[in-house]
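Trainee: One structure follows; several queries about it will come next.
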Protein chains: 2
Amino acid sequence: MRPHAIEDWHKVMVSGDVSKLPELLHEDAVFHSPVVHTPQTGKAKAMMYLSAATTVFEDAQFTYTREIIGKDLAMLEFTSVVEGIEINGVDIITWDKNGKITDFKVMVRPVKAVNKLWEKMGEMLELQKSA
Amino acid sequence: MRPHAIEDWHKVMVSGDVSKLPELLHEDAVFHSPVVHTPQTGKAKAMMYLSAATTVFEDAQFTYTREIIGKDLAMLEFTSVVEGIEINGVDIITWDKNGKITDFKVMVRPVKAVNKLWEKMGEMLELQKSA
């Protein structure tokens with residue numbers, strides 16, 4: 001059986017409904033982008049990036065393909081096609097004893113996918129700012 | 001306890017000694033680069049890329065930081081600094097019942113790291129061709 005944190009994250013990603021995201025994230029959650037080195041620290045910033053990601057991957061054939069789940073650490077591999085570019089990536093997620101996500105790191109391949117995500121995530125984050 | 005395939009791969013990476021790599025790889029092993037979409041199929045090609053990788057990461061503060069190990073699938077996260085560029089990546093490895101590595105996928109972040117690896121792996125593969 002999957003841990004709650006992973007099960008709940010799956011539901012957010014599959015539905016694209018981010019309303020449950022705040023209760024899923026730890027107050028001090030950290031998000032590590034596939035593009036930028038500097039971590040995004042705190043629930044508000046993690047929310048911003050993860051919401052943008054769900055929008056980028058909406059209607060983009062997003063599928064989780066492989067997963068490994070440890071005690072408090074999971075690796076979920078995914079594939080997607082964003083504007084014709086095939087994206088293969090991993091979510092590396094940790095959670096605390098209350099099932100709150102504490103750390104969320106994303107890496108993608110190949111280089112075309114990194115550049116496409118850079119472009120799309122930038123657009124989404126700009127939209128959020130101006131909303 | 002770590003599976004043999006992962007234990008032996010660790011030894012190759014830490015020592016930089018690739019002489020044990022052929023016996024560790026399945027004949028039909030597939031390598032998936034962080035840069036290029038197309039898989040590299042067969043032991044000879046996988047050898048070529050993994051040898052180049054050990055050379056790129058030699059003396060580059062290469063350290064495995066987190067790992068999750070499943071039944072026949074493992075995720076190993078690493079950090080390294082190549083020519084001043086911080087590289088954070090994962091090896092996603094599968095093996096068969098004889099402990100031979102069947103699939104080896106690498107992803108890295110951030111974008112600067114992808115570009116640096118692209119450059120360095122290119123150099124190493126050119127050197128191998130001309131050797």
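All residue names refer to the structure tokens as shown: chains lettered A, B, ... in order, residues numbered from 1 in each chain, ligands numbered from 1 in order.
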Can you give chain B as a PDB file with C-alpha atoms, in the first residue's frame after you superpose it on chain A, pairing all C-alpha atoms in order for the least-squares fit?
Mentor:
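Writing done, so here's selection_16.pdb:
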ATOM      1  CA  MET B   1       0.046   0.002   0.002  1.00  0.00           C
ATOM      2  CA  ARG B   2       1.226   3.487  -0.839  1.00  0.00           C
ATOM      3  CA  PRO B   3       1.870   5.993   1.966  1.00  0.00           C
ATOM      4  CA  HIS B   4      -0.828   8.678   2.290  1.00  0.00           C
ATOM      5  CA  ALA B   5       1.479  11.452   1.103  1.00  0.00           C
ATOM      6  CA  ILE B   6       2.134   9.673  -2.212  1.00  0.00           C
ATOM      7  CA  GLU B   7      -1.473   8.512  -2.660  1.00  0.00           C
ATOM      8  CA  ASP B   8      -2.737  12.058  -2.094  1.00  0.00           C
ATOM      9  CA  TRP B   9      -0.126  13.593  -4.375  1.00  0.00           C
ATOM     10  CA  HIS B  10      -1.165  11.154  -7.128  1.00  0.00           C
ATOM     11  CA  LYS B  11      -4.765  12.347  -6.746  1.00  0.00           C
ATOM     12  CA  VAL B  12      -3.717  16.000  -7.051  1.00  0.00           C
ATOM     13  CA  MET B  13      -1.663  15.287 -10.166  1.00  0.00           C
ATOM     14  CA  VAL B  14      -4.240  13.092 -11.880  1.00  0.00           C
ATOM     15  CA  SER B  15      -7.203  15.392 -11.150  1.00  0.00           C
ATOM     16  CA  GLY B  16      -5.315  18.663 -11.599  1.00  0.00           C
ATOM     17  CA  ASP B  17      -7.298  19.824  -8.544  1.00  0.00           C
ATOM     18  CA  VAL B  18      -4.827  21.650  -6.285  1.00  0.00           C
ATOM     19  CA  SER B  19      -7.362  22.539  -3.563  1.00  0.00           C
ATOM     20  CA  LYS B  20      -6.059  19.651  -1.390  1.00  0.00           C
ATOM     21  CA  LEU B  21      -2.416  20.627  -1.898  1.00  0.00           C
ATOM     22  CA  PRO B  22      -2.119  22.996   1.128  1.00  0.00           C
ATOM     23  CA  GLU B  23      -3.059  20.283   3.626  1.00  0.00           C
ATOM     24  CA  LEU B  24      -0.642  17.874   1.947  1.00  0.00           C
ATOM     25  CA  LEU B  25       2.415  20.129   2.276  1.00  0.00           C
ATOM     26  CA  HIS B  26       4.472  20.694   5.428  1.00  0.00           C
ATOM     27  CA  GLU B  27       4.771  24.367   6.502  1.00  0.00           C
ATOM     28  CA  ASP B  28       8.508  24.215   5.752  1.00  0.00           C
ATOM     29  CA  ALA B  29       8.194  22.187   2.542  1.00  0.00           C
ATOM     30  CA  VAL B  30      11.019  22.712   0.060  1.00  0.00           C
ATOM     31  CA  PHE B  31      10.673  22.467  -3.723  1.00  0.00           C
ATOM     32  CA  HIS B  32      13.698  21.764  -5.968  1.00  0.00           C
ATOM     33  CA  SER B  33      13.083  22.653  -9.604  1.00  0.00           C
ATOM     34  CA  PRO B  34      14.582  20.715 -12.527  1.00  0.00           C
ATOM     35  CA  VAL B  35      15.801  24.016 -13.970  1.00  0.00           C
ATOM     36  CA  VAL B  36      17.128  26.195 -11.157  1.00  0.00           C
ATOM     37  CA  HIS B  37      19.673  25.286  -8.475  1.00  0.00           C
ATOM     38  CA  THR B  38      18.248  27.371  -5.596  1.00  0.00           C
ATOM     39  CA  PRO B  39      15.583  25.546  -3.527  1.00  0.00           C
ATOM     40  CA  GLN B  40      12.160  27.184  -3.107  1.00  0.00           C
ATOM     41  CA  THR B  41      11.536  27.163   0.641  1.00  0.00           C
ATOM     42  CA  GLY B  42       8.210  27.193   2.494  1.00  0.00           C
ATOM     43  CA  LYS B  43       4.695  25.972   1.758  1.00  0.00           C
ATOM     44  CA  ALA B  44       3.659  29.071  -0.236  1.00  0.00           C
ATOM     45  CA  LYS B  45       6.539  28.754  -2.717  1.00  0.00           C
ATOM     46  CA  ALA B  46       6.205  24.967  -2.990  1.00  0.00           C
ATOM     47  CA  MET B  47       2.464  25.473  -3.674  1.00  0.00           C
ATOM     48  CA  MET B  48       3.264  27.992  -6.385  1.00  0.00           C
ATOM     49  CA  TYR B  49       5.628  25.666  -8.244  1.00  0.00           C
ATOM     50  CA  LEU B  50       3.559  22.499  -7.832  1.00  0.00           C
ATOM     51  CA  SER B  51       0.379  24.289  -8.983  1.00  0.00           C
ATOM     52  CA  ALA B  52       2.230  25.602 -12.030  1.00  0.00           C
ATOM     53  CA  ALA B  53       3.453  22.060 -12.740  1.00  0.00           C
ATOM     54  CA  THR B  54      -0.053  20.568 -12.603  1.00  0.00           C
ATOM     55  CA  THR B  55      -1.150  23.211 -15.151  1.00  0.00           C
ATOM     56  CA  VAL B  56       1.811  22.570 -17.470  1.00  0.00           C
ATOM     57  CA  PHE B  57       1.123  18.806 -17.456  1.00  0.00           C
ATOM     58  CA  GLU B  58      -2.668  19.114 -17.839  1.00  0.00           C
ATOM     59  CA  ASP B  59      -3.845  17.398 -21.038  1.00  0.00           C
ATOM     60  CA  ALA B  60      -0.200  16.491 -21.719  1.00  0.00           C
ATOM     61  CA  GLN B  61      -0.545  12.674 -21.557  1.00  0.00           C
ATOM     62  CA  PHE B  62       0.982  12.716 -18.069  1.00  0.00           C
ATOM     63  CA  THR B  63       1.545   9.143 -16.771  1.00  0.00           C
ATOM     64  CA  TYR B  64       3.457   7.735 -13.819  1.00  0.00           C
ATOM     65  CA  THR B  65       5.457   4.773 -15.168  1.00  0.00           C
ATOM     66  CA  ARG B  66       7.649   3.352 -12.354  1.00  0.00           C
ATOM     67  CA  GLU B  67       7.875   3.940  -8.639  1.00  0.00           C
ATOM     68  CA  ILE B  68       9.975   2.898  -5.669  1.00  0.00           C
ATOM     69  CA  ILE B  69       8.721   3.671  -2.205  1.00  0.00           C
ATOM     70  CA  GLY B  70      10.896   3.650   0.910  1.00  0.00           C
ATOM     71  CA  LYS B  71      10.110   4.435   4.546  1.00  0.00           C
ATOM     72  CA  ASP B  72       9.874   8.214   4.111  1.00  0.00           C
ATOM     73  CA  LEU B  73      11.229   8.670   0.596  1.00  0.00           C
ATOM     74  CA  ALA B  74       9.705   7.827  -2.791  1.00  0.00           C
ATOM     75  CA  MET B  75      10.771   8.070  -6.405  1.00  0.00           C
ATOM     76  CA  LEU B  76       8.005   8.359  -9.003  1.00  0.00           C
ATOM     77  CA  GLU B  77       8.988   8.297 -12.668  1.00  0.00           C
ATOM     78  CA  PHE B  78       6.712   9.900 -15.245  1.00  0.00           C
ATOM     79  CA  THR B  79       6.363  10.565 -18.938  1.00  0.00           C
ATOM     80  CA  SER B  80       4.482  13.371 -20.642  1.00  0.00           C
ATOM     81  CA  VAL B  81       4.330  15.148 -23.998  1.00  0.00           C
ATOM     82  CA  VAL B  82       4.250  18.953 -23.771  1.00  0.00           C
ATOM     83  CA  GLU B  83       3.744  20.744 -27.086  1.00  0.00           C
ATOM     84  CA  GLY B  84       5.242  17.815 -28.992  1.00  0.00           C
ATOM     85  CA  ILE B  85       8.276  17.442 -26.693  1.00  0.00           C
ATOM     86  CA  GLU B  86       8.595  14.103 -24.854  1.00  0.00           C
ATOM     87  CA  ILE B  87       9.359  14.614 -21.192  1.00  0.00           C
ATOM     88  CA  ASN B  88      10.700  11.853 -18.942  1.00  0.00           C
ATOM     89  CA  GLY B  89      11.119  12.804 -15.315  1.00  0.00           C
ATOM     90  CA  VAL B  90      11.150  11.838 -11.659  1.00  0.00           C
ATOM     91  CA  ASP B  91       9.534  13.237  -8.558  1.00  0.00           C
ATOM     92  CA  ILE B  92      11.636  12.518  -5.472  1.00  0.00           C
ATOM     93  CA  ILE B  93       9.434  13.076  -2.442  1.00  0.00           C
ATOM     94  CA  THR B  94       9.968  12.864   1.327  1.00  0.00           C
ATOM     95  CA  TRP B  95       7.325  13.152   4.041  1.00  0.00           C
ATOM     96  CA  ASP B  96       7.179  13.379   7.817  1.00  0.00           C
ATOM     97  CA  LYS B  97       5.490  11.080  10.340  1.00  0.00           C
ATOM     98  CA  ASN B  98       2.201  12.972   9.879  1.00  0.00           C
ATOM     99  CA  GLY B  99       2.258  12.278   6.135  1.00  0.00           C
ATOM    100  CA  LYS B 100       3.033  15.885   5.192  1.00  0.00           C
ATOM    101  CA  ILE B 101       5.346  16.353   2.213  1.00  0.00           C
ATOM    102  CA  THR B 102       8.611  17.935   3.422  1.00  0.00           C
ATOM    103  CA  ASP B 103      10.728  17.890   0.246  1.00  0.00           C
ATOM    104  CA  PHE B 104       9.792  17.652  -3.434  1.00  0.00           C
ATOM    105  CA  LYS B 105      12.474  17.444  -6.102  1.00  0.00           C
ATOM    106  CA  VAL B 106      11.969  17.129  -9.849  1.00  0.00           C
ATOM    107  CA  MET B 107      14.464  16.115 -12.531  1.00  0.00           C
ATOM    108  CA  VAL B 108      13.728  15.634 -16.227  1.00  0.00           C
ATOM    109  CA  ARG B 109      15.424  14.403 -19.370  1.00  0.00           C
ATOM    110  CA  PRO B 110      16.399  14.841 -22.164  1.00  0.00           C
ATOM    111  CA  VAL B 111      17.773  18.368 -22.649  1.00  0.00           C
ATOM    112  CA  LYS B 112      14.843  19.321 -24.924  1.00  0.00           C
ATOM    113  CA  ALA B 113      12.465  18.489 -22.084  1.00  0.00           C
ATOM    114  CA  VAL B 114      14.421  20.613 -19.585  1.00  0.00           C
ATOM    115  CA  ASN B 115      14.242  23.582 -21.960  1.00  0.00           C
ATOM    116  CA  LYS B 116      10.528  23.088 -22.701  1.00  0.00           C
ATOM    117  CA  LEU B 117       9.713  22.947 -18.976  1.00  0.00           C
ATOM    118  CA  TRP B 118      11.830  26.013 -18.336  1.00  0.00           C
ATOM    119  CA  GLU B 119       9.740  27.897 -20.912  1.00  0.00           C
ATOM    120  CA  LYS B 120       6.337  26.572 -19.761  1.00  0.00           C
ATOM    121  CA  MET B 121       6.978  26.877 -16.009  1.00  0.00           C
ATOM    122  CA  GLY B 122       8.134  30.453 -16.590  1.00  0.00           C
ATOM    123  CA  GLU B 123       4.894  31.263 -18.386  1.00  0.00           C
ATOM    124  CA  MET B 124       2.754  29.688 -15.645  1.00  0.00           C
ATOM    125  CA  LEU B 125       4.594  31.445 -12.811  1.00  0.00           C
ATOM    126  CA  GLU B 126       4.173  34.783 -14.635  1.00  0.00           C
ATOM    127  CA  LEU B 127       0.439  34.109 -15.003  1.00  0.00           C
ATOM    128  CA  GLN B 128       0.176  33.333 -11.263  1.00  0.00           C
ATOM    129  CA  LYS B 129       1.951  36.581 -10.381  1.00  0.00           C
ATOM    130  CA  SER B 130      -0.373  38.662 -12.565  1.00  0.00           C
ATOM    131  CA  ALA B 131      -3.534  36.811 -11.373  1.00  0.00           C
TER     132      ALA B 131
END
Trainee: Please extract the residues of chain A with a backbone DSSP assignment of helix (DSSP H, G or I) and present them as an MDAnalysis selection string.
Mentor: chainID A and resid 4:15 18:24 43:56 111:130
